[in-house]
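**Student:** What follows is a structure written as structure tokens; I'll ask about it next.
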Amino acid sequence: MSVLTQRRDMKEYNHEHDHQRRCRHGGSARGIGQGIAQRLGADGHHVIVADLPTMQEGVQETVSTIEAAGGKATGAEVDVTDQASVEALVATAVEVGGKLDIFVANAGIAQIEPLIDYSKEDFEKILNVNITGVFLSYQAAAKQMIAQGNGGKIIGAASIVAFRPFALLSPYSATKWAVRGLSQGAAMEWAKHGITVNAYGPGIVGTSMWDLIDEKLGEQEGLAKGEAIKKYAGDTLLGRVSVPEDVANLVSFLSSEDSDYITGQTMLVDGGMQFS
């Protein structure tokens with residue numbers, strides 16, 4: 001596929017990483033993010049893998065993995081809470097591929113903490129990354145797509161907690177509800193430009209974030225390591241915790257022409273935990 005001539009050939013893939021002990025996020029270097037990036041590369045798209053300057057080693061690992069499998073990928077730097085940084089990332093994508101047709105906004109952090117103990121500083125941080133970061137990403141992508149005049153696809157990272165909050169994840173749950181609402185509003189406003197806006201909502205995924213959730217829930221409920229996730233995974237009709245490839249398959253669909261008549265939706269990929 002020629003990056004310069006084919007539609008849906010550029011993917012913008014962002015994430016924010018937090019080093020605090022209570023925070024985790026699966027970014028482009030591992031977990032869900034890596035699974036998505038690898039799948040999009042296998043689909044024949046040129047993947048822009050972006051992260052903070054301090055996370056470039058992980059970015060390059062993901063890029064190398066895609067290229068080793070025969071795909072095309074380019075590493076880039078971004079701070080999704082900074083408007084100029086996000087706009088520069090879009091410009092980089094256009095410089096590399098000639099245009100921007102698909103943007104996957106995977107920005108987000110999760111902090112596992114009882115709501116009663118949550119600090120104002122931490123609350124503002126999760127809002128800044130998980131909501132403001134997605135807003136800036138959506139807006140920058142849409143401006144470029146509108147200027148190009150050929151429509152496009154914008155895809156955001158929501159979660160099962162956009163429909164069903166989890167204990168110890170109350171602010172995170174609130175931000176994912178916000179991503180769901182922002183995606184619906186953006187879909188309404190940008191449909192006239194041929195831009196679809198959707199979000200994906202993973203359930204329990206076997207990643208480092210959920211390892212930490214298991215640990216913290218176990219402390220709260222007096223359960224051994226692995227037992228809390230097993231308890232919650234028991235609500236999954238398909239009987240297993242998700243793997244990153246499950247989520248990547250959905251993002252691949254939302255990135256393809258097969259989803260051209262779908263917009264404003266947050267689609268769950270949770271094995272049957274939540275029905276909406």
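Labels used: A, B, ... for chains in the order of the structure tokens, numbers from 1 for residues in each chain, and numbers from 1 for ligands as shown.
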Identify, on the basis of only C-alpha atoms, every residue whose closest approach to Gln60 (chain A) does not exceed 10 Å; exclude the query and any residue fewer than 5 positions from it along the same chain; express the result as JSON, numbers by chain.

**Tutor:** {"A": [28, 29, 49, 50, 55, 65, 66, 73, 74, 75, 76]}

**Student:** Sorted by chain and rising residue number, list the residues of region 83-119 of chain A at most 7 Å from region 153-168 of chain A (counting only C-alpha atoms), each with its closest atom pair and distance in Å to one decimal, as a Markdown table.

**Tutor:**
| residue | atom | partner | partner_atom | distance |
| --- | --- | --- | --- | --- |
| A:Asp101 | CA | A:Lys153 | CA | 6.3 |
| A:Ile102 | CA | A:Lys153 | CA | 4.7 |
| A:Phe103 | CA | A:Ile154 | CA | 4.9 |
| A:Val104 | CA | A:Ile155 | CA | 4.7 |
| A:Ala105 | CA | A:Gly156 | CA | 4.7 |
| A:Asn106 | CA | A:Ala157 | CA | 5.0 |
| A:Ile112 | CA | A:Leu168 | CA | 5.3 |
| A:Glu113 | CA | A:Leu168 | CA | 4.9 |
| A:Pro114 | CA | A:Leu168 | CA | 4.8 |
| A:Leu115 | CA | A:Leu168 | CA | 6.5 |

**Student:** Between CA of Pro171 (chain A) and CA of Leu217 (chain A), measure the distance and give it in Å to one decimal.

**Tutor:**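 Atom-to-atom, CA of Pro171 (chain A) to CA of Leu217 (chain A), that is 15.8 Å.
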
**Student:** Per DSSP on the backbone, what are the strand (DSSP E or B) residues of region 31-147 of chain A, as a list in words?

**Tutor:**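 Everything in region 31-147 of chain A that counts as strand (DSSP E or B) is His46, Val47, Ile48, Val49, Ala50, Asp51, Lys72, Ala73, Thr74, Gly75, Ala76, Glu77, Ile102, Phe103, Val104, Ala105, Ala110 and Gln111 of chain A.
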
**Student:** Next, dump the selected residues to file, keeping only all heavy atoms, as a short mmCIF file (atom, residue, chain, number, x, y, z; two decimals), in the first residue's frame.

**Tutor:**
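Everything below was put into part08.cif:
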data_model
loop_
_atom_site.label_atom_id
_atom_site.label_comp_id
_atom_site.auth_asym_id
_atom_site.auth_seq_id
_atom_site.Cartn_x
_atom_site.Cartn_y
_atom_site.Cartn_z
N HIS A 46 0.88 2.23 7.42
CA HIS A 46 2.08 2.81 8.00
C HIS A 46 1.70 3.37 9.37
O HIS A 46 0.90 4.30 9.47
CB HIS A 46 2.61 3.92 7.09
CG HIS A 46 3.96 4.43 7.50
ND1 HIS A 46 4.97 4.66 6.59
CD2 HIS A 46 4.48 4.74 8.71
CE1 HIS A 46 6.05 5.09 7.22
NE2 HIS A 46 5.76 5.15 8.52
N VAL A 47 2.27 2.82 10.42
CA VAL A 47 1.88 3.16 11.79
C VAL A 47 2.84 4.18 12.38
O VAL A 47 4.05 3.96 12.40
CB VAL A 47 1.86 1.90 12.69
CG1 VAL A 47 1.32 2.26 14.07
CG2 VAL A 47 1.01 0.80 12.06
N ILE A 48 2.30 5.29 12.85
CA ILE A 48 3.10 6.25 13.61
C ILE A 48 2.94 5.89 15.08
O ILE A 48 1.85 5.97 15.63
CB ILE A 48 2.62 7.70 13.38
CG1 ILE A 48 2.60 8.03 11.90
CG2 ILE A 48 3.49 8.67 14.17
CD1 ILE A 48 3.95 8.00 11.24
N VAL A 49 4.02 5.49 15.72
CA VAL A 49 3.99 5.08 17.12
C VAL A 49 4.56 6.23 17.95
O VAL A 49 5.74 6.54 17.83
CB VAL A 49 4.81 3.80 17.35
CG1 VAL A 49 4.70 3.34 18.79
CG2 VAL A 49 4.36 2.69 16.40
N ALA A 50 3.74 6.86 18.77
CA ALA A 50 4.16 8.07 19.48
C ALA A 50 4.06 7.91 20.99
O ALA A 50 3.14 7.28 21.50
CB ALA A 50 3.31 9.25 19.03
N ASP A 51 5.02 8.53 21.67
CA ASP A 51 5.03 8.49 23.13
C ASP A 51 5.88 9.64 23.64
O ASP A 51 6.47 10.39 22.87
CB ASP A 51 5.58 7.14 23.60
CG ASP A 51 5.13 6.78 25.00
OD1 ASP A 51 4.90 7.71 25.80
OD2 ASP A 51 5.00 5.58 25.31
N LYS A 72 5.25 -1.31 8.08
CA LYS A 72 5.89 0.00 8.06
C LYS A 72 5.52 0.75 9.32
O LYS A 72 4.35 0.81 9.71
CB LYS A 72 5.45 0.80 6.83
CG LYS A 72 5.86 0.20 5.50
CD LYS A 72 5.38 1.07 4.36
CE LYS A 72 5.79 0.49 3.01
NZ LYS A 72 5.30 1.34 1.89
N ALA A 73 6.52 1.37 9.96
CA ALA A 73 6.25 2.11 11.18
C ALA A 73 7.29 3.21 11.35
O ALA A 73 8.43 3.08 10.91
CB ALA A 73 6.26 1.19 12.38
N THR A 74 6.87 4.28 12.03
CA THR A 74 7.75 5.40 12.33
C THR A 74 7.52 5.81 13.77
O THR A 74 6.38 5.94 14.22
CB THR A 74 7.45 6.60 11.41
OG1 THR A 74 7.63 6.20 10.04
CG2 THR A 74 8.36 7.77 11.72
N GLY A 75 8.60 6.01 14.51
CA GLY A 75 8.49 6.46 15.89
C GLY A 75 8.41 7.97 15.97
O GLY A 75 8.94 8.68 15.11
N ALA A 76 7.75 8.47 17.01
CA ALA A 76 7.62 9.92 17.19
C ALA A 76 7.43 10.23 18.67
O ALA A 76 7.13 9.35 19.49
CB ALA A 76 6.43 10.45 16.39
N GLU A 77 7.63 11.50 19.02
CA GLU A 77 7.45 11.96 20.39
C GLU A 77 6.17 12.76 20.51
O GLU A 77 5.78 13.48 19.58
CB GLU A 77 8.63 12.84 20.81
CG GLU A 77 9.96 12.11 20.87
CD GLU A 77 11.10 13.03 21.32
OE1 GLU A 77 10.83 14.22 21.59
OE2 GLU A 77 12.25 12.54 21.40
N ILE A 102 -6.40 8.21 9.44
CA ILE A 102 -6.93 7.53 10.64
C ILE A 102 -6.10 7.92 11.84
O ILE A 102 -4.87 7.99 11.77
CB ILE A 102 -6.92 6.00 10.47
CG1 ILE A 102 -7.76 5.60 9.27
CG2 ILE A 102 -7.45 5.32 11.73
CD1 ILE A 102 -7.68 4.12 8.94
N PHE A 103 -6.78 8.23 12.93
CA PHE A 103 -6.10 8.62 14.16
C PHE A 103 -6.66 7.78 15.30
O PHE A 103 -7.85 7.82 15.58
CB PHE A 103 -6.38 10.11 14.42
CG PHE A 103 -5.53 10.74 15.49
CD1 PHE A 103 -4.62 11.74 15.18
CD2 PHE A 103 -5.64 10.36 16.82
CE1 PHE A 103 -3.85 12.34 16.16
CE2 PHE A 103 -4.89 10.95 17.80
CZ PHE A 103 -3.98 11.94 17.48
N VAL A 104 -5.80 7.02 15.94
CA VAL A 104 -6.21 6.23 17.12
C VAL A 104 -5.66 6.93 18.35
O VAL A 104 -4.46 6.94 18.59
CB VAL A 104 -5.68 4.79 17.04
CG1 VAL A 104 -6.15 3.99 18.26
CG2 VAL A 104 -6.16 4.10 15.77
N ALA A 105 -6.54 7.53 19.14
CA ALA A 105 -6.13 8.27 20.34
C ALA A 105 -6.22 7.36 21.55
O ALA A 105 -7.29 7.16 22.12
CB ALA A 105 -7.03 9.49 20.53
N ALA A 110 -4.30 5.19 34.36
CA ALA A 110 -5.23 4.64 35.35
C ALA A 110 -4.56 4.65 36.72
O ALA A 110 -3.41 4.24 36.84
CB ALA A 110 -5.64 3.21 34.98
N GLN A 111 -5.26 5.15 37.70
CA GLN A 111 -4.74 5.16 39.07
C GLN A 111 -5.69 4.36 39.95
O GLN A 111 -6.89 4.59 39.97
CB GLN A 111 -4.61 6.58 39.60
CG GLN A 111 -4.10 6.65 41.02
CD GLN A 111 -3.64 8.05 41.39
OE1 GLN A 111 -3.08 8.76 40.57
NE2 GLN A 111 -3.88 8.44 42.63
#

**Student:** Could you pull the residues within 6 Å of region 260-276 of chain A, counting only C-alpha atoms, minus those fewer than 6 positions along the same chain, as a ChimeraX atom specification?

**Tutor:** /A:183-184,187,196-203,235-238

**Student:** Grab the residues selected above and save them as a CSV table (one decimal), in the first residue's frame with all heavy atoms.

**Tutor:**
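And here's result.csv as it stands now:
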chain,number,residue,atom,x,y,z
A,183,SER,N,-16.8,11.4,22.1
A,183,SER,CA,-16.8,10.7,20.8
A,183,SER,C,-18.1,10.9,20.1
A,183,SER,O,-18.2,11.0,18.9
A,183,SER,CB,-16.5,9.2,21.0
A,183,SER,OG,-15.2,9.1,21.6
A,184,GLN,N,-19.2,10.8,20.9
A,184,GLN,CA,-20.6,11.0,20.3
A,184,GLN,C,-20.7,12.4,19.8
A,184,GLN,O,-21.2,12.6,18.7
A,184,GLN,CB,-21.6,10.7,21.4
A,184,GLN,CG,-21.7,9.2,21.8
A,184,GLN,CD,-22.7,8.9,22.9
A,184,GLN,OE1,-23.3,9.9,23.4
A,184,GLN,NE2,-22.9,7.7,23.2
A,187,ALA,N,-18.7,12.9,16.7
A,187,ALA,CA,-19.3,12.2,15.5
A,187,ALA,C,-20.5,13.0,14.9
A,187,ALA,O,-20.6,13.1,13.7
A,187,ALA,CB,-19.8,10.8,16.0
A,196,THR,N,-15.8,9.7,10.6
A,196,THR,CA,-16.4,8.9,11.6
A,196,THR,C,-15.6,9.0,12.9
A,196,THR,O,-14.4,9.0,12.9
A,196,THR,CB,-16.6,7.5,11.2
A,196,THR,OG1,-15.4,6.9,11.0
A,196,THR,CG2,-17.5,7.4,9.9
A,197,VAL,N,-16.3,8.9,14.1
A,197,VAL,CA,-15.6,9.0,15.4
A,197,VAL,C,-16.2,7.8,16.2
A,197,VAL,O,-17.5,7.8,16.5
A,197,VAL,CB,-15.8,10.3,16.1
A,197,VAL,CG1,-15.0,10.3,17.4
A,197,VAL,CG2,-15.4,11.5,15.2
A,198,ASN,N,-15.4,6.9,16.6
A,198,ASN,CA,-15.9,5.8,17.5
A,198,ASN,C,-14.8,5.6,18.6
A,198,ASN,O,-13.7,6.1,18.5
A,198,ASN,CB,-16.0,4.5,16.6
A,198,ASN,CG,-17.2,4.7,15.6
A,198,ASN,OD1,-18.3,4.7,16.0
A,198,ASN,ND2,-16.8,4.7,14.3
A,199,ALA,N,-15.2,4.7,19.5
A,199,ALA,CA,-14.3,4.4,20.6
A,199,ALA,C,-14.4,2.9,20.9
A,199,ALA,O,-15.4,2.2,20.6
A,199,ALA,CB,-14.6,5.2,21.9
A,200,TYR,N,-13.3,2.3,21.4
A,200,TYR,CA,-13.3,0.9,21.8
A,200,TYR,C,-13.2,0.8,23.3
A,200,TYR,O,-12.6,1.6,24.0
A,200,TYR,CB,-12.1,0.2,21.1
A,200,TYR,CG,-10.8,0.8,21.3
A,200,TYR,CD1,-9.9,0.4,22.4
A,200,TYR,CD2,-10.3,1.8,20.5
A,200,TYR,CE1,-8.7,1.0,22.5
A,200,TYR,CE2,-9.1,2.4,20.6
A,200,TYR,CZ,-8.3,2.0,21.7
A,200,TYR,OH,-7.0,2.6,21.8
A,201,GLY,N,-14.0,-0.2,23.8
A,201,GLY,CA,-14.1,-0.4,25.3
A,201,GLY,C,-13.6,-1.7,25.8
A,201,GLY,O,-14.4,-2.6,25.8
A,202,PRO,N,-12.3,-1.9,26.1
A,202,PRO,CA,-11.9,-3.2,26.6
A,202,PRO,C,-12.5,-3.5,27.9
A,202,PRO,O,-12.8,-2.6,28.7
A,202,PRO,CB,-10.4,-3.0,26.7
A,202,PRO,CG,-10.1,-1.8,25.8
A,202,PRO,CD,-11.3,-0.9,25.9
A,203,GLY,N,-12.6,-4.8,28.2
A,203,GLY,CA,-12.9,-5.2,29.6
A,203,GLY,C,-11.7,-5.5,30.4
A,203,GLY,O,-10.8,-4.7,30.5
A,235,ASP,N,-17.3,-13.0,35.8
A,235,ASP,CA,-18.5,-12.3,35.1
A,235,ASP,C,-18.4,-12.4,33.6
A,235,ASP,O,-19.4,-11.9,33.0
A,235,ASP,CB,-18.6,-10.9,35.6
A,235,ASP,CG,-18.9,-10.8,37.1
A,235,ASP,OD1,-19.5,-11.7,37.6
A,235,ASP,OD2,-18.6,-9.7,37.7
A,236,THR,N,-17.3,-12.8,33.1
A,236,THR,CA,-17.1,-12.8,31.6
A,236,THR,C,-17.8,-14.1,31.0
A,236,THR,O,-17.3,-15.2,31.4
A,236,THR,CB,-15.6,-12.8,31.3
A,236,THR,OG1,-15.1,-11.6,31.9
A,236,THR,CG2,-15.4,-12.7,29.8
A,237,LEU,N,-18.7,-13.9,30.2
A,237,LEU,CA,-19.5,-15.1,29.6
A,237,LEU,C,-18.5,-16.0,28.9
A,237,LEU,O,-18.7,-17.2,28.9
A,237,LEU,CB,-20.6,-14.6,28.7
A,237,LEU,CG,-21.7,-13.9,29.4
A,237,LEU,CD1,-22.8,-13.5,28.3
A,237,LEU,CD2,-22.4,-14.7,30.5
A,238,LEU,N,-17.5,-15.5,28.2
A,238,LEU,CA,-16.6,-16.3,27.4
A,238,LEU,C,-15.6,-17.0,28.3
A,238,LEU,O,-14.7,-17.8,27.7
A,238,LEU,CB,-16.0,-15.5,26.3
A,238,LEU,CG,-17.0,-15.0,25.2
A,238,LEU,CD1,-16.3,-14.3,24.1
A,238,LEU,CD2,-17.9,-16.2,24.7

**Student:** Nearest to Val247 (chain A) among A:Ala69, A:Leu182, A:Ala141, A:Ile32, with distances taken over only C-alpha atoms: which residue is it?

**Tutor:**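 Using only C-alpha atoms, the shortest distance to Val247 (chain A) belongs to A:Ile32.
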
**Student:** So which one's closest to Gly151 (chain A), A:Gly70, A:Gly226, A:Gly234, A:Gly194? Using only C-alpha atoms, please.

**Tutor:**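 So, comparing all the options, the nearest one is A:Gly194.
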
**Student:** Please indicate the distance in Å from CA of Gly108 (chain A) to CA of Ile229 (chain A), rounded to one decimal place.

**Tutor:**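 Interatomic distance, CA of Gly108 (chain A) to CA of Ile229 (chain A): 21.0 Å.
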
**Student:** Tell me, in Å to one decimal, how far CA of Asn128 (chain A) is from CA of Thr175 (chain A).

**Tutor:**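 Interatomic distance, CA of Asn128 (chain A) to CA of Thr175 (chain A): 9.6 Å.
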
**Student:** List every residue of region 212-242 of chain A that DSSP, applied to the backbone of this structure, assigns to alpha helix (DSSP H), and report them as a PyMOL selection string.

**Tutor:** chain A and resi 212-221+227-233

**Student:** Would you mind listing what lies within 6 Å of Val205 (chain A) as JSON, numbers by chain, with only C-alpha atoms counted and same-chain residues fewer than 4 positions away left out?

**Tutor:** {"A": [241, 242, 243]}

**Student:** For the residues in the current selection, export N, CA and C atoms as a PDB file, in the first residue's frame.

**Tutor:**
ATOM      1  N   VAL A 241      -9.966 -14.018  30.630  1.00  0.00           N
ATOM      2  CA  VAL A 241      -9.509 -12.635  30.542  1.00  0.00           C
ATOM      3  C   VAL A 241      -9.119 -12.344  29.096  1.00  0.00           C
ATOM      4  N   SER A 242      -9.350 -11.125  28.657  1.00  0.00           N
ATOM      5  CA  SER A 242      -9.015 -10.737  27.289  1.00  0.00           C
ATOM      6  C   SER A 242      -7.509 -10.666  27.088  1.00  0.00           C
ATOM      7  N   VAL A 243      -7.099 -10.764  25.840  1.00  0.00           N
ATOM      8  CA  VAL A 243      -5.706 -10.541  25.453  1.00  0.00           C
ATOM      9  C   VAL A 243      -5.673  -9.328  24.531  1.00  0.00           C
TER      10      VAL A 243
END

**Student:** Could you check which of A:Ile195, A:Ser64, A:Ile204, A:Gly71 is closest to Ala147 (chain A), using only C-alpha atoms?

**Tutor:**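 Checking each candidate against Ala147 (chain A), we get A:Ile195 as the closest.
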
**Student:** Check the smallest atom-to-atom distance from each of A:Lys125, A:Ile146, A:Ile109, A:Gly97 to Glu189 (chain A) using only C-alpha atoms, then report the winner.

**Tutor:** A:Ile146

**Student:** Closest to Gly98 (chain A) among A:Leu212, A:Ser255, A:Gly31, A:Gln144, using only C-alpha atoms?

**Tutor:**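 That would be A:Gln144, the residue with the smallest distance to Gly98 (chain A).
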